[in-house]
$ cat final-v8.csv   # CSV, C-alpha atoms
chain,number,residue,atom,x,y,z
A,1115,MET,CA,2.5,-69.0,-29.2
A,1116,GLY,CA,4.4,-67.8,-26.2
A,1117,ALA,CA,7.6,-69.5,-27.4
A,1118,VAL,CA,7.3,-67.9,-30.9
A,1119,ALA,CA,6.6,-64.5,-29.4
A,1120,ALA,CA,9.5,-64.8,-26.9
A,1121,LEU,CA,12.0,-65.8,-29.6
A,1122,GLY,CA,10.9,-63.0,-31.9
A,1123,LEU,CA,11.0,-60.4,-29.2
A,1124,TRP,CA,14.4,-61.6,-28.1
A,1125,ALA,CA,15.7,-61.3,-31.7
A,1126,ALA,CA,14.3,-57.8,-31.8
A,1127,GLY,CA,16.2,-56.8,-28.7
A,1128,ALA,CA,13.3,-56.7,-26.2
A,1129,ALA,CA,15.2,-58.8,-23.7
A,1130,ASP,CA,17.0,-55.7,-22.7
A,1131,LEU,CA,13.8,-53.8,-21.6
A,1132,PRO,CA,14.1,-52.3,-18.1
A,1133,ASP,CA,12.2,-53.4,-15.0
A,1134,ARG,CA,12.3,-57.1,-16.0
A,1135,ALA,CA,9.5,-56.4,-18.4
A,1136,PHE,CA,10.3,-59.0,-21.1
A,1137,PRO,CA,7.9,-61.7,-19.8
A,1138,ARG,CA,5.0,-59.3,-19.7
A,1139,VAL,CA,5.8,-58.0,-23.1
A,1140,VAL,CA,5.7,-61.5,-24.4
A,1141,VAL,CA,2.3,-62.0,-22.8
A,1142,ALA,CA,1.1,-58.8,-24.4
A,1143,THR,CA,2.3,-59.9,-27.8
A,1144,VAL,CA,0.3,-63.2,-27.4
A,1145,VAL,CA,-2.8,-61.1,-26.4
A,1146,ALA,CA,-2.4,-58.9,-29.4
A,1147,SER,CA,-2.0,-61.9,-31.7
A,1148,VAL,CA,-5.5,-63.1,-31.0
A,1149,GLY,CA,-7.1,-59.7,-31.3
A,1150,GLY,CA,-6.9,-58.8,-27.7
A,1151,SER,CA,-7.2,-55.1,-26.7
A,1152,LEU,CA,-4.1,-53.3,-25.4
A,1153,GLU,CA,-4.3,-49.8,-23.9
A,1154,LEU,CA,-1.2,-47.7,-23.8
A,1155,SER,CA,-0.8,-45.1,-21.0
A,1156,GLY,CA,1.6,-42.4,-19.9
A,1157,ASP,CA,2.3,-40.6,-16.7
A,1158,ALA,CA,4.7,-37.7,-16.5
A,1159,GLY,CA,3.2,-35.5,-13.8
A,1160,ALA,CA,1.1,-32.4,-14.0
A,1161,LEU,CA,3.5,-30.6,-16.3
A,1162,ALA,CA,3.5,-33.1,-19.0
A,1163,GLU,CA,1.2,-34.7,-21.5
A,1164,THR,CA,1.3,-38.1,-23.2
A,1165,HIS,CA,-0.7,-39.6,-26.0
A,1166,ALA,CA,-0.4,-43.2,-27.2
A,1167,GLY,CA,-2.3,-46.0,-28.9
A,1168,ILE,CA,-1.6,-49.2,-30.7
A,1169,THR,CA,-3.5,-51.6,-33.0
A,1170,VAL,CA,-1.5,-54.4,-34.5
A,1171,MET,CA,-1.6,-58.2,-34.8
A,1172,PRO,CA,1.8,-60.1,-34.9
A,1173,LEU,CA,0.5,-62.6,-37.4
A,1174,SER,CA,3.4,-65.1,-37.1
A,1175,VAL,CA,2.2,-65.7,-33.5
A,1176,THR,CA,-1.4,-65.7,-34.7
A,1177,LEU,CA,-0.7,-68.3,-37.4
A,1178,THR,CA,1.2,-70.5,-35.0
A,1179,GLY,CA,-1.6,-70.5,-32.6
A,1180,ALA,CA,-4.3,-71.1,-35.3
A,1181,LEU,CA,-2.4,-74.1,-36.7
A,1182,THR,CA,-1.8,-75.6,-33.2
A,1183,VAL,CA,-5.4,-75.1,-32.1
A,1184,ALA,CA,-6.8,-76.5,-35.3
A,1185,ALA,CA,-4.6,-79.6,-35.2
A,1186,GLY,CA,-5.5,-80.2,-31.5
A,1187,PHE,CA,-9.2,-79.8,-32.2
A,1188,LEU,CA,-9.3,-82.1,-35.2
A,1189,HIS,CA,-7.1,-84.9,-34.0
A,1190,PRO,CA,-9.6,-86.6,-31.7
A,1191,LEU,CA,-12.4,-86.0,-34.3
A,1192,ARG,CA,-10.8,-88.2,-37.0
A,1193,ARG,CA,-12.2,-91.4,-35.5
A,1194,ALA,CA,-15.1,-92.7,-37.5
A,1195,ALA,CA,-17.3,-93.3,-34.4
A,1196,VAL,CA,-17.3,-89.6,-33.3
A,1197,ARG,CA,-20.7,-88.0,-33.5
A,1198,PRO,CA,-21.5,-84.3,-34.1
A,1199,GLY,CA,-22.6,-83.9,-30.5
A,1200,GLU,CA,-19.3,-85.1,-29.2
A,1201,ALA,CA,-17.5,-82.6,-31.6
A,1202,ALA,CA,-19.6,-79.8,-30.2
A,1203,TRP,CA,-18.8,-80.8,-26.6
A,1204,TRP,CA,-15.1,-81.0,-27.4
A,1205,ALA,CA,-15.2,-77.5,-29.0
A,1206,ALA,CA,-17.1,-76.2,-25.9
A,1207,ARG,CA,-14.4,-77.5,-23.6
A,1208,ILE,CA,-11.6,-75.9,-25.7
A,1209,ALA,CA,-13.5,-72.6,-25.5
A,1210,LEU,CA,-13.9,-72.8,-21.8
A,1211,LEU,CA,-10.2,-73.5,-21.2
A,1212,TRP,CA,-9.3,-70.8,-23.8
A,1213,ALA,CA,-11.5,-68.2,-22.0
A,1214,ALA,CA,-9.8,-69.0,-18.7
A,1215,ALA,CA,-6.4,-68.6,-20.3
A,1216,LEU,CA,-7.4,-65.3,-21.8
A,1217,VAL,CA,-8.4,-64.0,-18.4
A,1218,GLY,CA,-5.0,-64.9,-17.0
A,1219,LEU,CA,-3.1,-63.4,-19.9
A,1220,SER,CA,-5.1,-60.2,-19.6
A,1221,PHE,CA,-4.1,-59.6,-16.0
A,1222,ALA,CA,-0.5,-60.6,-16.8
A,1223,ALA,CA,-0.1,-58.2,-19.7
A,1224,ARG,CA,0.6,-55.1,-17.7
A,1225,GLN,CA,3.8,-53.1,-17.4
A,1226,THR,CA,5.1,-49.6,-17.1
A,1227,PHE,CA,8.5,-48.2,-18.1
A,1228,ALA,CA,10.5,-45.2,-17.2
A,1229,VAL,CA,11.3,-42.9,-20.2
A,1230,ASP,CA,14.9,-41.7,-20.6
A,1231,LEU,CA,14.7,-38.0,-21.8
A,1232,GLY,CA,18.4,-37.8,-22.4
A,1233,SER,CA,20.6,-34.8,-21.8
A,1234,GLY,CA,18.7,-32.2,-24.0
A,1235,VAL,CA,16.1,-29.6,-23.2
A,1236,LEU,CA,13.5,-32.2,-22.1
A,1237,GLY,CA,16.0,-33.8,-19.8
A,1238,ALA,CA,16.9,-30.5,-18.2
A,1239,LEU,CA,13.2,-29.6,-17.7
A,1240,SER,CA,12.5,-33.0,-16.2
A,1241,ASP,CA,15.3,-32.6,-13.7
A,1242,LEU,CA,14.2,-29.1,-12.9
A,1243,PHE,CA,10.5,-29.9,-12.2
A,1244,GLY,CA,11.0,-33.4,-10.9
A,1245,ALA,CA,8.9,-35.0,-13.6
A,1246,GLU,CA,9.5,-38.7,-14.2
A,1247,PRO,CA,7.8,-39.7,-17.4
A,1248,ARG,CA,6.6,-43.3,-17.5
A,1249,VAL,CA,4.7,-45.2,-20.2
A,1250,GLY,CA,3.0,-48.5,-20.0
A,1251,PHE,CA,0.5,-50.9,-21.4
A,1252,ALA,CA,-2.4,-53.0,-20.0
A,1253,ALA,CA,-4.7,-55.5,-21.6
A,1254,GLN,CA,-8.4,-54.8,-21.3
A,1255,ALA,CA,-9.8,-58.1,-19.9
A,1256,PRO,CA,-13.4,-57.9,-21.2
A,1257,LEU,CA,-12.4,-57.0,-24.8
A,1258,THR,CA,-9.5,-59.4,-24.8
A,1259,VAL,CA,-11.8,-62.3,-23.8
A,1260,LEU,CA,-14.4,-61.3,-26.3
A,1261,PHE,CA,-12.1,-60.9,-29.3
A,1262,GLY,CA,-10.0,-64.0,-28.2
A,1263,LEU,CA,-13.1,-66.2,-28.2
A,1264,LEU,CA,-14.2,-64.8,-31.6
A,1265,TRP,CA,-10.7,-65.6,-32.9
A,1266,LEU,CA,-11.1,-69.2,-31.5
A,1267,LEU,CA,-14.5,-69.5,-33.1
A,1268,GLY,CA,-13.1,-68.5,-36.5
A,1269,VAL,CA,-10.2,-70.9,-36.2
A,1270,LEU,CA,-12.5,-73.8,-35.3
A,1271,ALA,CA,-14.9,-72.9,-38.1
A,1272,VAL,CA,-12.2,-72.8,-40.7
A,1273,ALA,CA,-10.8,-76.1,-39.4
A,1274,LEU,CA,-14.2,-77.8,-39.7
A,1275,LEU,CA,-14.7,-76.3,-43.2
A,1276,VAL,CA,-11.4,-77.5,-44.7
A,1277,THR,CA,-11.4,-81.0,-43.4
A,1278,ARG,CA,-13.8,-83.7,-44.6
A,1279,GLU,CA,-13.2,-85.9,-41.6
A,1280,ALA,CA,-14.8,-84.0,-38.7
A,1281,PRO,CA,-18.4,-85.0,-38.2
A,1282,LEU,CA,-21.2,-82.4,-38.8
A,1283,PRO,CA,-25.0,-82.6,-38.6
A,1284,SER,CA,-26.5,-83.8,-41.9
A,1285,ARG,CA,-28.0,-80.4,-42.6
A,1286,LEU,CA,-24.5,-78.8,-42.6
A,1287,LEU,CA,-22.7,-81.4,-44.7
A,1288,ARG,CA,-24.1,-80.2,-48.0
A,1289,GLY,CA,-22.8,-76.7,-47.3
A,1290,ARG,CA,-19.4,-78.0,-46.4
A,1291,ARG,CA,-19.2,-80.0,-49.6
A,1292,ALA,CA,-19.9,-76.9,-51.6
A,1293,ALA,CA,-17.5,-74.6,-49.6
A,1294,ARG,CA,-14.7,-76.9,-48.8
A,1295,PRO,CA,-12.7,-76.9,-52.1
A,1296,VAL,CA,-12.3,-73.1,-52.2
A,1297,ALA,CA,-11.8,-72.8,-48.4
A,1298,TYR,CA,-9.0,-75.5,-48.6
A,1299,ALA,CA,-7.5,-73.7,-51.6
A,1300,MET,CA,-7.5,-70.3,-49.8
A,1301,VAL,CA,-5.8,-71.8,-46.7
A,1302,ALA,CA,-3.2,-73.4,-49.1
A,1303,LEU,CA,-2.7,-70.0,-50.8
A,1304,LEU,CA,-2.1,-68.1,-47.6
A,1305,LEU,CA,0.4,-70.8,-46.4
A,1306,ALA,CA,2.1,-70.8,-49.8
A,1307,TYR,CA,2.7,-67.1,-49.5
A,1308,VAL,CA,4.1,-67.5,-46.0
A,1309,VAL,CA,6.5,-70.2,-47.3
A,1310,VAL,CA,7.6,-68.0,-50.2
A,1311,GLY,CA,8.1,-65.1,-47.8
A,1312,LEU,CA,10.2,-67.4,-45.5
A,1313,VAL,CA,12.5,-68.4,-48.3
A,1314,ALA,CA,12.9,-64.8,-49.4
A,1315,ALA,CA,13.7,-63.7,-45.8
A,1316,LEU,CA,16.3,-66.5,-45.3
A,1317,VAL,CA,18.0,-65.6,-48.6
A,1318,THR,CA,18.0,-62.0,-47.6
A,1319,ALA,CA,19.5,-62.8,-44.2
A,1320,GLY,CA,22.2,-64.9,-45.9
A,1321,VAL,CA,23.1,-62.2,-48.5
A,1322,ARG,CA,22.8,-59.0,-46.5
A,1323,GLY,CA,23.6,-60.2,-43.0
A,1324,ARG,CA,22.0,-58.9,-39.8
A,1325,PRO,CA,20.2,-62.2,-39.2
A,1326,GLU,CA,18.7,-61.1,-35.9
A,1327,GLN,CA,16.4,-58.5,-37.6
A,1328,THR,CA,15.3,-61.1,-40.2
A,1329,PHE,CA,14.5,-63.7,-37.5
A,1330,ALA,CA,12.6,-61.1,-35.5
A,1331,LEU,CA,10.5,-60.3,-38.6
A,1332,VAL,CA,10.0,-64.0,-39.4
A,1333,LEU,CA,8.9,-64.9,-35.8
A,1334,LEU,CA,6.6,-61.9,-35.3
A,1335,GLY,CA,5.3,-60.5,-38.6
A,1336,LEU,CA,6.1,-62.7,-41.6
A,1337,PRO,CA,2.5,-63.2,-42.6
A,1338,ASN,CA,1.8,-59.5,-42.2
A,1339,LEU,CA,4.3,-58.9,-45.1
A,1340,ALA,CA,3.5,-62.0,-47.1
A,1341,TRP,CA,-0.2,-61.4,-47.2
A,1342,LEU,CA,0.4,-57.7,-47.8
A,1343,ALA,CA,2.4,-58.8,-50.9
A,1344,LEU,CA,-0.6,-60.9,-52.0
A,1345,THR,CA,-2.8,-57.9,-52.1
A,1346,LEU,CA,-0.2,-55.7,-53.7
A,1347,GLY,CA,0.4,-58.2,-56.4
A,1348,MET,CA,-3.3,-58.1,-57.2
A,1349,GLY,CA,-3.1,-54.3,-57.6
A,1350,ALA,CA,-4.5,-53.3,-54.3
A,1351,ALA,CA,-3.4,-50.1,-52.6
A,1352,TRP,CA,-2.6,-49.3,-48.9
A,1353,ASN,CA,-2.1,-46.0,-47.1
A,1354,GLY,CA,0.8,-45.8,-44.8
A,1355,ARG,CA,3.2,-43.6,-42.9
A,1356,VAL,CA,6.3,-44.1,-40.7
A,1357,ASP,CA,7.3,-41.0,-38.7
A,1358,GLY,CA,9.8,-40.5,-35.8
A,1359,PRO,CA,12.2,-43.0,-34.3
A,1360,PHE,CA,9.7,-45.8,-34.2
A,1361,GLY,CA,9.6,-47.9,-37.3
A,1362,LEU,CA,8.1,-51.1,-38.6
A,1363,PRO,CA,10.3,-54.3,-38.4
A,1364,VAL,CA,10.1,-54.5,-42.2
A,1365,PRO,CA,12.5,-54.5,-45.2
A,1366,HIS,CA,14.2,-51.3,-45.8
A,1367,LEU,CA,12.3,-50.8,-49.1
A,1368,LEU,CA,8.9,-50.7,-47.4
A,1369,ASP,CA,10.2,-48.4,-44.7
A,1370,GLU,CA,11.6,-46.1,-47.4
A,1371,VAL,CA,8.3,-45.8,-49.2
A,1372,LEU,CA,6.3,-45.1,-46.0
A,1373,ARG,CA,8.7,-42.7,-44.4
A,1374,THR,CA,7.2,-39.5,-45.9
A,1375,PRO,CA,5.9,-36.2,-44.4
A,1376,ASP,CA,2.3,-37.2,-45.2
A,1377,VAL,CA,0.4,-40.4,-45.6
A,1378,SER,CA,1.7,-42.1,-48.7
A,1379,THR,CA,0.2,-44.6,-51.0
A,1380,LEU,CA,1.7,-48.1,-51.1
A,1381,THR,CA,1.2,-50.0,-54.3
A,1382,VAL,CA,3.4,-52.3,-56.4
A,1383,GLY,CA,4.1,-49.3,-58.6
A,1384,THR,CA,5.4,-47.1,-55.7
A,1385,LEU,CA,7.6,-50.0,-54.5
A,1386,ALA,CA,8.9,-50.4,-58.0
A,1387,GLU,CA,10.0,-46.8,-58.1
A,1388,HIS,CA,12.6,-47.7,-55.5
A,1389,ASP,CA,13.3,-51.3,-56.6
A,1390,GLY,CA,12.1,-52.6,-59.9
A,1391,ARG,CA,12.0,-56.2,-58.6
A,1392,ALA,CA,8.7,-55.3,-56.9
A,1393,TRP,CA,7.0,-56.0,-60.2
A,1394,TRP,CA,7.6,-59.7,-59.6
A,1395,LEU,CA,4.7,-59.5,-57.1
A,1396,VAL,CA,2.3,-59.5,-60.0
A,1397,PRO,CA,3.3,-62.7,-61.8
A,1398,VAL,CA,3.8,-64.5,-58.4
A,1399,ALA,CA,0.2,-63.6,-57.5
A,1400,ALA,CA,-1.0,-64.7,-61.0
A,1401,VAL,CA,0.7,-68.1,-60.7
A,1402,LEU,CA,-0.3,-68.8,-57.1
A,1403,LEU,CA,-3.9,-67.7,-57.6
A,1404,THR,CA,-4.3,-69.8,-60.7
A,1405,GLY,CA,-2.8,-72.8,-58.8
A,1406,ALA,CA,-5.3,-72.2,-56.0
A,1407,GLY,CA,-8.1,-72.2,-58.6
A,1408,ALA,CA,-6.8,-75.5,-60.0
A,1409,LEU,CA,-6.6,-77.0,-56.5
A,1410,ALA,CA,-10.2,-75.9,-55.8
A,1411,ALA,CA,-11.3,-77.5,-59.1
A,1412,ALA,CA,-9.5,-80.8,-58.3
A,1413,LEU,CA,-11.4,-81.0,-55.0
A,1414,SER,CA,-14.8,-80.1,-56.5
A,1415,PRO,CA,-17.4,-82.7,-57.5
A,1416,PRO,CA,-17.0,-84.0,-61.1
A,1417,ARG,CA,-18.7,-82.1,-64.0
A,1418,THR,CA,-18.8,-78.8,-62.1
A,1419,PRO,CA,-19.0,-76.1,-64.8
A,1420,LEU,CA,-16.3,-73.6,-65.2
A,1421,TRP,CA,-18.5,-70.7,-64.4
A,1422,ARG,CA,-19.3,-72.2,-61.0
A,1423,HIS,CA,-15.6,-72.6,-60.3
A,1424,ALA,CA,-15.1,-69.0,-61.2
A,1425,LEU,CA,-17.9,-67.7,-58.9
A,1426,ARG,CA,-16.8,-69.8,-56.0
A,1427,MET,CA,-13.2,-68.7,-56.4
A,1428,ALA,CA,-14.3,-65.1,-56.5
A,1429,ALA,CA,-16.3,-65.4,-53.3
A,1430,GLY,CA,-13.5,-67.3,-51.5
A,1431,LEU,CA,-10.8,-64.8,-52.6
A,1432,LEU,CA,-13.0,-61.8,-51.7
A,1433,LEU,CA,-13.5,-63.1,-48.1
A,1434,THR,CA,-9.8,-64.0,-47.8
A,1435,VAL,CA,-8.6,-60.6,-48.9
A,1436,LEU,CA,-11.2,-59.0,-46.6
A,1437,ALA,CA,-9.8,-61.0,-43.7
A,1438,VAL,CA,-6.2,-60.0,-44.7
A,1439,CYS,CA,-7.1,-56.4,-44.8
A,1440,LEU,CA,-8.8,-56.5,-41.4
A,1441,VAL,CA,-6.0,-58.3,-39.5
A,1442,GLY,CA,-3.1,-56.7,-41.4
A,1443,ARG,CA,-3.8,-53.0,-40.6
A,1444,ILE,CA,-1.4,-51.3,-38.2
A,1445,SER,CA,-1.9,-48.1,-36.2
A,1446,ALA,CA,0.6,-47.0,-33.5
A,1447,HIS,CA,1.4,-43.6,-32.2
A,1448,TYR,CA,3.2,-42.1,-29.2
A,1449,ALA,CA,3.9,-38.5,-28.1
A,1450,LEU,CA,5.3,-37.0,-25.0
A,1451,SER,CA,5.5,-33.3,-24.3
A,1452,LEU,CA,6.8,-31.4,-21.2
A,1453,LEU,CA,5.6,-27.8,-20.8
A,1454,GLY,CA,4.5,-28.0,-24.5
A,1455,ILE,CA,8.1,-29.1,-25.6
A,1456,GLY,CA,8.8,-32.4,-27.2
A,1457,ASP,CA,5.7,-33.3,-29.1
A,1458,ALA,CA,7.1,-31.9,-32.3
A,1459,GLY,CA,10.7,-32.8,-31.7
A,1460,GLY,CA,13.2,-34.3,-29.4
A,1461,GLY,CA,12.7,-37.8,-30.7
A,1462,LEU,CA,9.9,-38.6,-28.3
A,1463,SER,CA,7.0,-38.8,-30.8
A,1464,GLY,CA,6.3,-41.2,-33.6
A,1465,GLU,CA,3.6,-42.8,-35.7
A,1466,VAL,CA,3.3,-46.0,-37.7
A,1467,LEU,CA,0.3,-46.4,-39.9
A,1468,LEU,CA,-0.7,-49.0,-42.5
A,1469,ARG,CA,-4.3,-49.4,-43.6
A,1470,PRO,CA,-5.9,-50.8,-46.8
A,1471,ARG,CA,-8.1,-49.2,-49.3
A,1472,LEU,CA,-10.7,-51.8,-48.6
A,1473,TRP,CA,-13.3,-51.4,-51.3
A,1474,GLY,CA,-10.7,-51.4,-54.0
A,1475,ALA,CA,-8.9,-54.4,-52.6
A,1476,ILE,CA,-12.0,-56.6,-52.3
A,1477,SER,CA,-13.2,-55.5,-55.8
A,1478,LEU,CA,-9.9,-56.6,-57.3
A,1479,ALA,CA,-10.1,-59.8,-55.3
A,1480,ALA,CA,-13.5,-60.6,-56.9
A,1481,LEU,CA,-12.1,-59.9,-60.4
A,1482,TRP,CA,-9.0,-62.0,-59.8
A,1483,GLY,CA,-11.1,-64.8,-58.4
A,1484,LEU,CA,-13.3,-64.9,-61.5
A,1485,VAL,CA,-10.4,-65.1,-63.8
A,1486,THR,CA,-8.2,-67.4,-61.9
A,1487,GLY,CA,-11.1,-69.6,-60.9
A,1488,PHE,CA,-12.0,-70.1,-64.6
A,1489,LEU,CA,-8.4,-70.6,-65.6
A,1490,GLY,CA,-7.7,-73.0,-62.7
A,1491,GLY,CA,-10.8,-75.0,-63.5
A,1492,TRP,CA,-9.8,-75.2,-67.2
A,1493,LEU,CA,-6.2,-76.3,-66.3
A,1494,ALA,CA,-7.5,-78.9,-63.9
A,1495,ARG,CA,-9.9,-80.2,-66.6
A,1496,LEU,CA,-7.1,-80.2,-69.2
A,1497,THR,CA,-4.8,-82.2,-67.0
A,1498,GLY,CA,-7.6,-84.6,-65.9
A,1499,LEU,CA,-7.6,-83.5,-62.3
A,1500,THR,CA,-11.1,-82.0,-62.3
A,1501,GLY,CA,-13.3,-83.7,-59.8
A,1502,ARG,CA,-10.9,-86.5,-59.0
A,1503,ARG,CA,-10.5,-85.7,-55.3
A,1504,GLY,CA,-14.1,-84.5,-55.3
A,1505,ALA,CA,-15.3,-87.9,-56.7
A,1506,GLU,CA,-13.3,-89.7,-54.0
A,1507,ARG,CA,-14.9,-87.5,-51.3
A,1508,SER,CA,-18.4,-88.1,-52.5
A,1509,GLY,CA,-18.0,-91.9,-52.6
A,1510,PRO,CA,-18.9,-94.4,-49.9
A,1511,SER,CA,-15.7,-93.8,-48.0
A,1512,ALA,CA,-16.1,-90.0,-47.7
A,1513,ALA,CA,-16.3,-90.1,-43.9
A,1514,SER,CA,-12.7,-91.4,-43.6
A,1515,GLY,CA,-10.5,-89.4,-46.0
A,1516,PRO,CA,-6.7,-89.4,-45.9

$ encode --input "final-v8.csv" --output "structure tokens"
Amino acid sequence: MGAVAALGLWAAGAADLPDRAFPRVVVATVVASVGGSLELSGDAGALAETHAGITVMPLSVTLTGALTVAAGFLHPLRRAAVRPGEAAWWAARIALLWAAALVGLSFAARQTFAVDLGSGVLGALSDLFGAEPRVGFAAQAPLTVLFGLLWLLGVLAVALLVTREAPLPSRLLRGRRAARPVAYAMVALLLAYVVVGLVAALVTAGVRGRPEQTFALVLLGLPNLAWLALTLGMGAAWNGRVDGPFGLPVPHLLDEVLRTPDVSTLTVGTLAEHDGRAWWLVPVAAVLLTGAGALAAALSPPRTPLWRHALRMAAGLLLTVLAVCLVGRISAHYALSLLGIGDAGGGLSGEVLLRPRLWGAISLAALWGLVTGFLGGWLARLTGLTGRRGAERSGPSAASGP
């Protein structure tokens, strides 16, 4: 996670930060990627005021950590002789080490920077009154440990849910058999969107140049955009705004839609007003969601009725979109004023906002899940894939799948 964060920040130009702050910014990025709490602060003397706050998860770093932790957790559990108690003890040891790491990261993620006010009015006032504005960040250790452990719990729970090899108590096995096909399909759907986004980003870098910006985006926030595209393709709407010199490391199209005087509405339609190719998000969502429904049907037990495929797909997609909406929201603002000057101008204030219209998004997710679950089950049945993997799983060798 640290390597991905460091490379992404380096591509974004953060290596040039003053006061040798780059390593601490990397640590802060890792903290934010697991839901840790970062508090921004400012100090400009008695004649100045600062206001700042940030809420964002760099999901490229998050996804890297989740895949690494899940692989490390499941690897020793694939032995047939492992008992559920041993799996619980292994999870507890990982949690203990992770908690200790979070404490260390929390105390390392602290830094302050001097703010260059330039040669304008604010700079002259700063020199006159001897004000030396500084801004900084610090991780809040208790909240970071709490949210980091919840993140780890979620990763381990999903890992146990999508694999059939890890041992579980007998009372939980039936629940996993019912939930695993859709859970596996939802993980595959999210990863498929990341792969599609990666291909699009690399093509864009090759065609338009400026590869450092593309690599910064890929290494820090590719899932943020890819999973946003999933919700937009389903018809969901987000509210957003970009104001001031601070912007999102996103394609120019998205920045153009969001850079408005007031909070704007982000939908596939508003994107298409600036670039008609945005309408491709809808058929891409339809194809990939139907494919996820077919995959879930192929992993389900034989003779599962189509209506049950539809209901399970609706439930799985609703929870997936809910998670995307919760981790994909962004809120960042900063303002500095000296003697009341600067908050409204001077280039020292800015805001970045992106938040979903949650109820509409999850309602559309349920509807899309019903339709694509039914279609996916029908396609799997038509091609003879329905229940094939499910039958293998329910057979005598279920405990030692591929």

$ atom_distance --input "final-v8.csv" --atom1 "atom CA of Ala1215 of chain A" --atom2 "atom CA of Val1308 of chain A"
27.8 Å

$ residues_around --input "final-v8.csv" --residues "Ala1271 of chain A" --least-positions-apart "6" --cutoff "12 Å" --atoms "only C-alpha atoms" --output "PyMOL selection string"
chain A and resi 1180+1183-1184+1187-1188+1201-1202+1205+1264-1265+1277+1280+1282+1290+1293-1294+1297

$ residues_near_point --input "final-v8.csv" --point "(-8.7, -76.6, -58.5)" --cutoff "8 Å" --atoms "only C-alpha atoms" --output "list in words"
Pro1295, Ala1299, Gly1405, Ala1406, Gly1407, Ala1408, Leu1409, Ala1410, Ala1411, Ala1412, Leu1413, Ser1414, Gly1487, Gly1490, Gly1491, Ala1494, Leu1499 and Thr1500 of chain A

$ closest_residue --input "final-v8.csv" --among "A:Thr1258, A:Ser1477, A:Thr1318, A:Thr1404" --to "Leu1303 of chain A" --atoms "all atoms listed in the file"
A:Thr1404

$ atom_distance --input "final-v8.csv" --atom1 "atom CA of Gly1474 of chain A" --atom2 "atom CA of Thr1381 of chain A"
12.0 Å

$ closest_residue --input "final-v8.csv" --among "A:Gly1179, A:Ser1174, A:Leu1484, A:Ala1222" --to "Phe1136 of chain A" --atoms "all atoms listed in the file"
A:Ala1222

$ atom_distance --input "final-v8.csv" --atom1 "atom CA of Thr1384 of chain A" --atom2 "atom CA of Gly1347 of chain A"
12.2 Å

$ closest_residue --input "final-v8.csv" --among "A:Val1332, A:Leu1211, A:Leu1266, A:Val1141" --to "Ala1252 of chain A" --atoms "all atoms listed in the file"
A:Val1141

$ residues_near_point --input "final-v8.csv" --point "(-12.5, -62.4, -56.4)" --cutoff "12 Å" --atoms "all atoms listed in the file" --output "ChimeraX atom specification"
/A:1296,1300,1345,1348,1403-1404,1407,1423-1436,1474-1488

$ closest_residue --input "final-v8.csv" --among "A:Leu1331, A:Leu1274, A:Leu1402, A:Leu1380" --to "Ala1185 of chain A" --atoms "all atoms listed in the file"
A:Leu1274

$ closest_residue --input "final-v8.csv" --among "A:Phe1227, A:Phe1221, A:Phe1261, A:Trp1473" --to "Ser1151 of chain A" --atoms "all atoms listed in the file"
A:Phe1261

$ closest_residue --input "final-v8.csv" --among "A:Ala1213, A:Leu1267, A:Leu1333, A:Leu1131" --to "Leu1177 of chain A" --atoms "all atoms listed in the file"
A:Leu1333

$ decode --input "final-v8.csv" --residues "segment 1368-1374 of chain A" --atoms "N, CA, C and O atoms" --output "PDB file, in the first residue's frame"
ATOM      1  N   LEU A1368     -14.856  15.458 -16.397  1.00  0.00           N
ATOM      2  CA  LEU A1368     -15.500  15.477 -15.086  1.00  0.00           C
ATOM      3  C   LEU A1368     -15.239  16.792 -14.367  1.00  0.00           C
ATOM      4  O   LEU A1368     -16.136  17.370 -13.747  1.00  0.00           O
ATOM      5  N   ASP A1369     -14.019  17.294 -14.463  1.00  0.00           N
ATOM      6  CA  ASP A1369     -13.701  18.578 -13.851  1.00  0.00           C
ATOM      7  C   ASP A1369     -14.531  19.695 -14.473  1.00  0.00           C
ATOM      8  O   ASP A1369     -14.989  20.614 -13.783  1.00  0.00           O
ATOM      9  N   GLU A1370     -14.762  19.616 -15.781  1.00  0.00           N
ATOM     10  CA  GLU A1370     -15.541  20.633 -16.484  1.00  0.00           C
ATOM     11  C   GLU A1370     -16.997  20.645 -16.032  1.00  0.00           C
ATOM     12  O   GLU A1370     -17.603  21.702 -15.867  1.00  0.00           O
ATOM     13  N   VAL A1371     -17.557  19.456 -15.814  1.00  0.00           N
ATOM     14  CA  VAL A1371     -18.945  19.371 -15.369  1.00  0.00           C
ATOM     15  C   VAL A1371     -19.095  19.889 -13.944  1.00  0.00           C
ATOM     16  O   VAL A1371     -20.092  20.549 -13.604  1.00  0.00           O
ATOM     17  N   LEU A1372     -18.118  19.622 -13.094  1.00  0.00           N
ATOM     18  CA  LEU A1372     -18.238  19.966 -11.676  1.00  0.00           C
ATOM     19  C   LEU A1372     -17.800  21.385 -11.353  1.00  0.00           C
ATOM     20  O   LEU A1372     -18.141  21.899 -10.292  1.00  0.00           O
ATOM     21  N   ARG A1373     -17.037  22.034 -12.237  1.00  0.00           N
ATOM     22  CA  ARG A1373     -16.535  23.376 -11.928  1.00  0.00           C
ATOM     23  C   ARG A1373     -17.602  24.410 -12.285  1.00  0.00           C
ATOM     24  O   ARG A1373     -17.585  25.035 -13.342  1.00  0.00           O
ATOM     25  N   THR A1374     -18.548  24.572 -11.379  1.00  0.00           N
ATOM     26  CA  THR A1374     -19.674  25.492 -11.560  1.00  0.00           C
ATOM     27  C   THR A1374     -19.817  26.370 -10.319  1.00  0.00           C
ATOM     28  O   THR A1374     -19.295  26.022  -9.245  1.00  0.00           O
TER      29      THR A1374
END
